[in-house]
Structure formats: structure tokens, C-alpha cells
Amino acid sequence: MNKHKFFVLLFFFLFTINSKVNSQDIFNPPDSLLTAIKTNDIKAKIDAYSELIMFCIRVMPQNASVYGKEALKIAKQHNYLKGEADILYVLGVSHYAQSEYPEAMEYFEKAYSIRKIEKDNVGIGECLNRIGLIYNVQGEFEKALDYCLQSVRLLENENNAKALGRAYNHLGIIYYIINDIPKAEETMLKALTYCEKINDELILAVSHEHLGILYIKTKDYDKAIYHIEKTQELRKTKNDLLGLSGSYDNLGIIYRNMEKYDDALKNFQKSIELKTKLGNKRGMASSLAGIGLTYYNMGQFEKGLTQMKQAYAIRKELNDKRGMVASLNRLADIYAAMGNYKSAFESIKLSKTYSDSILNEQKNKAIAQLQEEFQAERKSKEILLLQKENTIQSYFQTLLIFLALMLSVIVVSILMANRSKQKTNELLVKNNKLITDQKEELHLLNSKLTDLNATKDKLFSIIAHDLKSPFHGLMGLLHIILEDIKELSLEEIREFIEGMKDSVDHIYKLLENLLEWALFQRNMIEYVPVKVNLFDSVTDIINSQKSNFTNKSITVSNKISQDVQVNADINMIHTILRNLLSNAIKFTERNGKVEINSSEQQDFIQLNITDSGIGISEKMIPLLFSAGEKTSRPGTDGESSSGLGLVLCKDYIGKHNGKIWVESEENIGTTFHILLPKV
């Protein structure tokens, strides 16, 4: 028998002895509680039952419902509504602790209804907080935050420190989940200060635990260990086995991040042992995922795969969408590391399906940020699926030649501008009478240099990112088809080809804008104004974009009068309308709407394109029409964007002596306004 097996057997032997010795103290309810429930005072009896149920939740959750049903029957017999609500509430806590979320929600909602009748504001606030916790677990973060804020607002006006302490703790972790780290730390530290004044070890333990989780995120591991160990000390005083299991998980994460893998595995295993006794399925899934990721970091991919599959199976059973997405992302990492690119791709595709489901339910900016965070954590590993790009390099030679020519033109322009600047400086020295005029000329040259540099930087940005990303996707799909074509079904091949078509469409649109913009910069596009019927032009552009907005169930309305005419270059106008309508569709969520209308403004026609999309931040608006500024972001369905289209729109509208500006409010919508000359 090797040393490892010997110590495992010794551990189990000692644990079994210790369990037998202490089982009476740990798992049996205190005599004081068993005596208290025998009183004839109905209020004292129900209060004692509530404490007894909470004790069971921590150490023997399977008994909580037994005592709960007894207490509920007694409360109803005596028509004691407050007592009935209190028991319903703790039964909800019991089901939540056992990952039975639909049952927990039902009990909390029943308790909430009675407490509304009783006008019990503290009880109402507690129910709102717990309902928010369930939405949090289910990935509905907007609802979770809404319920938690309702709870805090209500409890701040009541004299109940414990209930308010719990609400502050939950609010802090919600901010953490939606990735507002500064707000999370501020709220958690406030909660800790508040909870330190409350004589309740369990509430204080939660506050320390949340800070520990936050400092794991910020990689401040010394602080994280301090707060998690404080949590363990407090929970041990109350024999809170459920809470202790979570603390072991957090220590496991810390040690894994510090590459102390043996310590990490030991803590995850301790957590699983406690959660198995308590029947906490969601917690078991978390610990299994923690072990799976640890083995992955150790390079033991087979072991990691086994643990991660078990975690995913449990999370799927519980409909824990947030957990399912996390497990699928980690499975993709493991499959990729093992060279199983097909399974990695399938895991990523399934992850995106569940992520989209969460997004569709939430329609919340915070969720979009969280999704980006999940994708960013794995970006470097996902490239493993795309590494064999050299096999199709020849297809892109024509594109590279074109881009090289464009860059050459820009470099020559910059050199010529620099030469002009030097000549100007020499003239300044020779002729003092022309100092003022020459300063103005230098200012103009510097502006041109800035624009040329911005042009160059924009081109490099497009080449390095906006073109590279769709090419990578295209190469990855081609690689899968080439290697597995004999094993793929027609439906799978069709899906891959659709993905390739999306990549090619994006590349074509980007190159189309890039070519037009480059030609315009070199004054190679002729401006030919004619009478243009604005209604007909808008109708043509809407028809060309029909598949895009139909796929997203977006309604597009042309409310321009049929006789409105402008004096404009027809090709430039179509480019402007195509880019603005494409952006409106791209940044509008499913089932949204886009409206196009016009009005007369003296010598101009004002065209307005309004959408009900995600809006634009105040900081980004001044940068939208400038070359070289980073304004690209993904659409509501992950559509790609370069930010080049609006720059081209501004240049074309300027050629018409017109104007373009934007009004927007985040999560409400955006309106682009343009002025074009009347006929």
C-alpha cells in the first residue's frame, strides 16, 4: 500500500471516529429548541420552530421540511398569519439551500403575500431579498438587482439591523456579478462595517465571504485568504456546515490561482464531502467544476474532463444557466487542449445558445458586459481552434496586395506632407513679412498630418482586428469541414457554410466601406449632385437590408413623404443610408423597431433615423465620426463592427455642405440626424 492510499484510509478512519463522537453535538437540534417548541404560547412556539428550521438548514436540511410542515399546520390552526408567513419564509430558505429553486420561489411568494396583508415591512423586505437571490442564481441579474434594491430601500426605513445587513450583503455580490467591481467593493465594505455592529456571526460571516470572493477577482490573495478564514471561524461557532462548504470552495479557488494545486484539491474535496451530506446539488456542481479546472491547470486533461462533465450534468438538471455556460466554456478549453477541436467547437456553440437565452431574458447592459468577460477569459485558448490558417493563406494574397498599396499611398502622402512642412519653415526664416500667413499654413499642414496619421492608424486597426477576426472564424470552419467532412451530416455542413457566409458578408461590407473611404481620401470619387427622391432611395435601402432586420424580428418603417426631394449625389446618398440603417439594425435588440422620417429646415431636408436599441454612451458620442478613434463594438446578436461607416457618412455629408449629429440614451435608443440640401 503506497503512502497516498495509507493517508486516505487514515483520514476516513479518523473522520468516521470523529463523526461518531461529535454527531450528537453537530447534527441533533439543541435541547433548548426542542423544549421551546412545546410551549403553549403560540408566538413563542412559532419563533422556536423558525429557529429550529434554520438550524436544520445548516446541518441537516432534510429535516427542515418535516418541522416546517408541523409548524405551518399549527400556525394555520390558530389563524396566526404572521407565524404562517414566518414559517413559509424559512421553508423557502430551506429549499433554496437544497437548490430547489421553483419550490423556494413558491414559498417566498406566499410569505410575501401574507406579509403585504399584515403590512410587515421588515418581512416584505426579507422576501424581496430572497426572491432576488433566486433570480441571481437563475442568471436573471436585472431582476435580481431590482428586487435587492427594493429590499434595501424598504429596510433602510425600518429598525431591523439583521435584515438590512443581509440585504447589503446581497447587493454587494450582485454588483460583483454584473462586473461593477468598484461599486461592489464599496457596498461590501459598507456591509461589513454595518454587520460588525450586529451580534450575529452568520451575517458577519457572509459579509467576510463576499469580500473574499471580490479579492479573488482582483487577485489580492492575501486579503482574500484573510476574509475567507474569518468566515470559517464565524461559521464554525454556529456549526454552519453549508456555509463552511462554500468557504472551502473559495480557498480552493485561491490556492489554484496561486498554483498550490494540492491545497486547492484538498479544499474542494472537503467542500464536496459536506455538500454530499447536506444534499446541496448546486454546491456540488461548483466544487466539481473547481476540481475539473484545477486538473486542467495541472495538465491532467482527462481527469479535468470527467469532473467538468459531472458539474455540467448537475447544472443542467437544476437549469442553472449561468453555471451551464461556465461549465461549457471550461469544457471547450479542455477539449481544445486535448486536440479535440470538434467537441470544443460544439461546446462553444452550445454555450452561446444558453448565453443568448440569458441575454434575451435580461436585455440588460450588465449581462452583455458579463458575456464579454466570459469570452475574454478564454480568448487566448480559443485560438487553438484556428491555428492551421496557413493552409488557406493563398486565398488572401489579393487582399494583402490591395492593403499594401493603400498603406504605400498613405506613407508617401505623409512624406510629402513632411517635406512641405520643412519648405514652409525655410520660407518663414527668409521672409518675416509672411510670418502670420505661414503660421496658418503650418497649422493646416499639421491638421492634414494628424488626419493622415489617423487614416494610417485606422487602416492598421482594421487589418489587425476587424479583418483578422472574421478571417479566423472562416479559417476555423474551413478547417473543421476539411478534416471531418466524411463524418458531418448535411445539416452540420449547412450550418458551417452559413457561418462562413456570415464571415464573408462581413468582410465584403468592410472592404466596400474601406475602398470607398480610401478613394474619397484621395479625391478619386466625383461628386455629381442630381434630384433624388428621398422616399424611393430609403425604400431601396430598406429592401436591400430586409434579411438582416427580418432575422431579428425588427420592424423598419419609412415615414418619409413620397414627394420629398434633395439635391444630392445618388451613390453617396445610398452609401450614407445603407450604413446608418445597417447600424440601427445591428444595435437594436430582437423585436425592436427602426423608424425613418424627415422634416423641412429652411434650405435643407432633415432626415431622422431612430431605433429602439441599446444606445450610445455620452463618452463615445464625440468619437463616433473621427478616424483613428476606437468606437467599434459588437451588435446585439454579436455582429461585427469597424466604426468606419460613420466616418465615411460624415465625409460624404460634408461634401453636400450638410451636417450629421446624433442623440442617444443608453438602453433607450438612438437617433441619427442628417441635413441635406433641398432641390
# chains A, B, ... in the order shown; residues from 1 in each chain; ligands from 1
$ residues_around --residues "region 555-570 of chain A" --least-positions-apart "5" --cutoff "10 Å" --atoms "only C-alpha atoms" --output "PyMOL selection string"
chain A and resi 526-539+542+545-546+549-550+575-576+581+584-585+590-600+604-605+607-611+652-653+655-656+675-679
$ select_by_dssp --residues "region 485-592 of chain A" --states "strand (DSSP E)" --output "JSON list (two decimals) with N, CA, C and O atoms, in the first residue's frame"
[["chain", "number", "residue", "atom", "x", "y", "z"],
["A", 529, "PRO", "N", -24.16, 65.99, -58.07],
["A", 529, "PRO", "CA", -25.50, 66.16, -57.46],
["A", 529, "PRO", "C", -26.61, 66.14, -58.50],
["A", 529, "PRO", "O", -26.47, 66.72, -59.59],
["A", 530, "VAL", "N", -27.70, 65.46, -58.17],
["A", 530, "VAL", "CA", -28.90, 65.40, -59.02],
["A", 530, "VAL", "C", -30.13, 65.44, -58.12],
["A", 530, "VAL", "O", -30.02, 65.37, -56.88],
["A", 531, "LYS", "N", -31.32, 65.53, -58.72],
["A", 531, "LYS", "CA", -32.55, 65.44, -57.93],
["A", 531, "LYS", "C", -32.75, 63.99, -57.49],
["A", 531, "LYS", "O", -32.76, 63.08, -58.31],
["A", 532, "VAL", "N", -32.88, 63.81, -56.19],
["A", 532, "VAL", "CA", -33.04, 62.46, -55.63],
["A", 532, "VAL", "C", -34.34, 62.41, -54.83],
["A", 532, "VAL", "O", -34.54, 63.23, -53.93],
["A", 533, "ASN", "N", -35.21, 61.44, -55.18],
["A", 533, "ASN", "CA", -36.42, 61.23, -54.39],
["A", 533, "ASN", "C", -36.04, 60.45, -53.13],
["A", 533, "ASN", "O", -35.64, 59.29, -53.20],
["A", 555, "THR", "N", -38.95, 45.73, -36.77],
["A", 555, "THR", "CA", -39.85, 46.45, -37.67],
["A", 555, "THR", "C", -39.18, 47.72, -38.15],
["A", 555, "THR", "O", -38.73, 48.53, -37.35],
["A", 556, "VAL", "N", -39.09, 47.90, -39.49],
["A", 556, "VAL", "CA", -38.49, 49.10, -40.07],
["A", 556, "VAL", "C", -39.58, 49.86, -40.83],
["A", 556, "VAL", "O", -40.23, 49.30, -41.71],
["A", 557, "SER", "N", -39.77, 51.15, -40.48],
["A", 557, "SER", "CA", -40.85, 51.95, -41.07],
["A", 557, "SER", "C", -40.27, 53.14, -41.83],
["A", 557, "SER", "O", -39.45, 53.89, -41.28],
["A", 558, "ASN", "N", -40.73, 53.33, -43.08],
["A", 558, "ASN", "CA", -40.36, 54.50, -43.89],
["A", 558, "ASN", "C", -41.52, 55.50, -43.83],
["A", 558, "ASN", "O", -42.55, 55.30, -44.48],
["A", 565, "GLN", "N", -37.71, 65.66, -52.07],
["A", 565, "GLN", "CA", -36.55, 65.53, -52.93],
["A", 565, "GLN", "C", -35.37, 66.33, -52.36],
["A", 565, "GLN", "O", -35.57, 67.37, -51.71],
["A", 566, "VAL", "N", -34.15, 65.84, -52.59],
["A", 566, "VAL", "CA", -32.94, 66.53, -52.17],
["A", 566, "VAL", "C", -31.99, 66.63, -53.36],
["A", 566, "VAL", "O", -32.10, 65.87, -54.33],
["A", 567, "ASN", "N", -31.09, 67.59, -53.29],
["A", 567, "ASN", "CA", -30.07, 67.77, -54.32],
["A", 567, "ASN", "C", -28.81, 67.06, -53.85],
["A", 567, "ASN", "O", -28.08, 67.56, -53.00],
["A", 568, "ALA", "N", -28.56, 65.84, -54.36],
["A", 568, "ALA", "CA", -27.50, 65.02, -53.79],
["A", 568, "ALA", "C", -26.93, 64.07, -54.83],
["A", 568, "ALA", "O", -27.54, 63.81, -55.87],
["A", 569, "ASP", "N", -25.73, 63.57, -54.49],
["A", 569, "ASP", "CA", -25.10, 62.52, -55.29],
["A", 569, "ASP", "C", -25.76, 61.19, -54.93],
["A", 569, "ASP", "O", -25.71, 60.77, -53.77]]
$ atom_distance --atom1 "CA of Asn280 (chain A)" --atom2 "CA of Glu233 (chain A)"
21.5 Å
$ residues_around --residues "Leu88 (chain A)" --least-positions-apart "6" --cutoff "7 Å" --atoms "only C-alpha atoms" --output "PDB file with N, CA, C and O atoms, in the first residue's frame"
ATOM      1  N   TYR A 107     -42.594  29.363  -1.967  1.00  0.00           N
ATOM      2  CA  TYR A 107     -42.729  29.680  -0.537  1.00  0.00           C
ATOM      3  C   TYR A 107     -42.486  31.169  -0.264  1.00  0.00           C
ATOM      4  O   TYR A 107     -43.206  31.799   0.526  1.00  0.00           O
ATOM      5  N   PHE A 108     -41.460  31.760  -0.899  1.00  0.00           N
ATOM      6  CA  PHE A 108     -41.172  33.177  -0.671  1.00  0.00           C
ATOM      7  C   PHE A 108     -42.328  34.055  -1.155  1.00  0.00           C
ATOM      8  O   PHE A 108     -42.687  35.046  -0.501  1.00  0.00           O
ATOM      9  N   LYS A 110     -45.523  33.185  -1.367  1.00  0.00           N
ATOM     10  CA  LYS A 110     -46.648  33.039  -0.427  1.00  0.00           C
ATOM     11  C   LYS A 110     -46.406  33.857   0.832  1.00  0.00           C
ATOM     12  O   LYS A 110     -47.322  34.529   1.342  1.00  0.00           O
ATOM     13  N   ALA A 111     -45.174  33.793   1.354  1.00  0.00           N
ATOM     14  CA  ALA A 111     -44.837  34.581   2.550  1.00  0.00           C
ATOM     15  C   ALA A 111     -44.981  36.068   2.259  1.00  0.00           C
ATOM     16  O   ALA A 111     -45.497  36.837   3.087  1.00  0.00           O
TER      17      ALA A 111
END
$ atom_distance --atom1 "CA of Ala205 (chain A)" --atom2 "CA of Thr231 (chain A)"
4.5 Å
$ residues_around --residues "Glu317 (chain A)" --least-positions-apart "4" --cutoff "10 Å" --atoms "only C-alpha atoms" --output "MDAnalysis selection string"
chainID A and resid 281:282 312:313 324
$ write_last_selection --atoms "all heavy atoms" --output "PDB file, in the first residue's frame"
ATOM      1  N   LYS A 281     -26.979  20.148  -4.247  1.00  0.00           N
ATOM      2  CA  LYS A 281     -26.553  19.783  -5.602  1.00  0.00           C
ATOM      3  C   LYS A 281     -25.831  20.927  -6.305  1.00  0.00           C
ATOM      4  O   LYS A 281     -24.815  20.724  -6.971  1.00  0.00           O
ATOM      5  CB  LYS A 281     -27.771  19.362  -6.431  1.00  0.00           C
ATOM      6  CG  LYS A 281     -28.383  18.044  -6.001  1.00  0.00           C
ATOM      7  CD  LYS A 281     -29.521  17.656  -6.936  1.00  0.00           C
ATOM      8  CE  LYS A 281     -30.127  16.320  -6.547  1.00  0.00           C
ATOM      9  NZ  LYS A 281     -31.233  15.952  -7.467  1.00  0.00           N
ATOM     10  N   ARG A 282     -26.368  22.127  -6.195  1.00  0.00           N
ATOM     11  CA  ARG A 282     -25.724  23.245  -6.884  1.00  0.00           C
ATOM     12  C   ARG A 282     -24.303  23.446  -6.360  1.00  0.00           C
ATOM     13  O   ARG A 282     -23.366  23.705  -7.122  1.00  0.00           O
ATOM     14  CB  ARG A 282     -26.536  24.522  -6.689  1.00  0.00           C
ATOM     15  CG  ARG A 282     -25.918  25.740  -7.348  1.00  0.00           C
ATOM     16  CD  ARG A 282     -26.870  26.928  -7.341  1.00  0.00           C
ATOM     17  NE  ARG A 282     -26.250  28.093  -7.906  1.00  0.00           N
ATOM     18  CZ  ARG A 282     -25.673  29.063  -7.199  1.00  0.00           C
ATOM     19  NH1 ARG A 282     -25.637  28.980  -5.881  1.00  0.00           N
ATOM     20  NH2 ARG A 282     -25.134  30.111  -7.790  1.00  0.00           N
ATOM     21  N   TYR A 312     -21.398  19.864 -15.228  1.00  0.00           N
ATOM     22  CA  TYR A 312     -22.362  20.320 -16.233  1.00  0.00           C
ATOM     23  C   TYR A 312     -23.678  19.543 -16.134  1.00  0.00           C
ATOM     24  O   TYR A 312     -24.772  20.122 -16.236  1.00  0.00           O
ATOM     25  CB  TYR A 312     -21.775  20.170 -17.633  1.00  0.00           C
ATOM     26  CG  TYR A 312     -22.769  20.486 -18.726  1.00  0.00           C
ATOM     27  CD1 TYR A 312     -23.180  21.789 -18.961  1.00  0.00           C
ATOM     28  CD2 TYR A 312     -23.312  19.470 -19.502  1.00  0.00           C
ATOM     29  CE1 TYR A 312     -24.100  22.078 -19.946  1.00  0.00           C
ATOM     30  CE2 TYR A 312     -24.235  19.750 -20.499  1.00  0.00           C
ATOM     31  CZ  TYR A 312     -24.627  21.054 -20.709  1.00  0.00           C
ATOM     32  OH  TYR A 312     -25.541  21.344 -21.677  1.00  0.00           O
ATOM     33  N   ALA A 313     -23.589  18.220 -15.899  1.00  0.00           N
ATOM     34  CA  ALA A 313     -24.799  17.397 -15.805  1.00  0.00           C
ATOM     35  C   ALA A 313     -25.689  17.860 -14.656  1.00  0.00           C
ATOM     36  O   ALA A 313     -26.918  17.949 -14.794  1.00  0.00           O
ATOM     37  CB  ALA A 313     -24.409  15.926 -15.634  1.00  0.00           C
ATOM     38  N   MET A 324     -24.237  26.494 -16.335  1.00  0.00           N
ATOM     39  CA  MET A 324     -24.077  25.680 -17.555  1.00  0.00           C
ATOM     40  C   MET A 324     -23.140  26.368 -18.549  1.00  0.00           C
ATOM     41  O   MET A 324     -22.285  25.728 -19.167  1.00  0.00           O
ATOM     42  CB  MET A 324     -25.453  25.448 -18.190  1.00  0.00           C
ATOM     43  CG  MET A 324     -26.341  24.506 -17.377  1.00  0.00           C
ATOM     44  SD  MET A 324     -28.095  24.651 -17.817  1.00  0.00           S
ATOM     45  CE  MET A 324     -28.080  23.979 -19.473  1.00  0.00           C
TER      46      MET A 324
END
$ residues_around --residues "region 163-174 of chain A" --least-positions-apart "4" --cutoff "8 Å" --atoms "only C-alpha atoms" --output "NGL selection string"
:A and (122 or 125-126 or 129 or 133 or 136 or 141 or 144-145 or 148-149 or 151-152 or 155-156 or 178 or 183-188 or 190-191 or 194-195 or 203 or 206-207 or 210)
$ select_by_dssp --residues "region 134-349 of chain A" --states "alpha helix (DSSP H)" --output "number ranges by chain"
A: 134-137, 141-155, 161-177, 181-195, 201-217, 221-237, 241-257, 261-278, 281-298, 301-318, 321-337, 341-349
$ residues_around --residues "Ile42 (chain A)" --least-positions-apart "5" --cutoff "9 Å" --atoms "only C-alpha atoms" --output "list of chain:residue names"
A:Asp47, A:Ile74, A:Ala75, A:His78, A:Tyr80, A:Gly83
$ residues_around --residues "Ala285 (chain A)" --least-positions-apart "2" --cutoff "8 Å" --atoms "only C-alpha atoms" --output "count of residues only"
11
$ atom_distance --atom1 "CA of Gly246 (chain A)" --atom2 "CA of Lys197 (chain A)"
24.0 Å
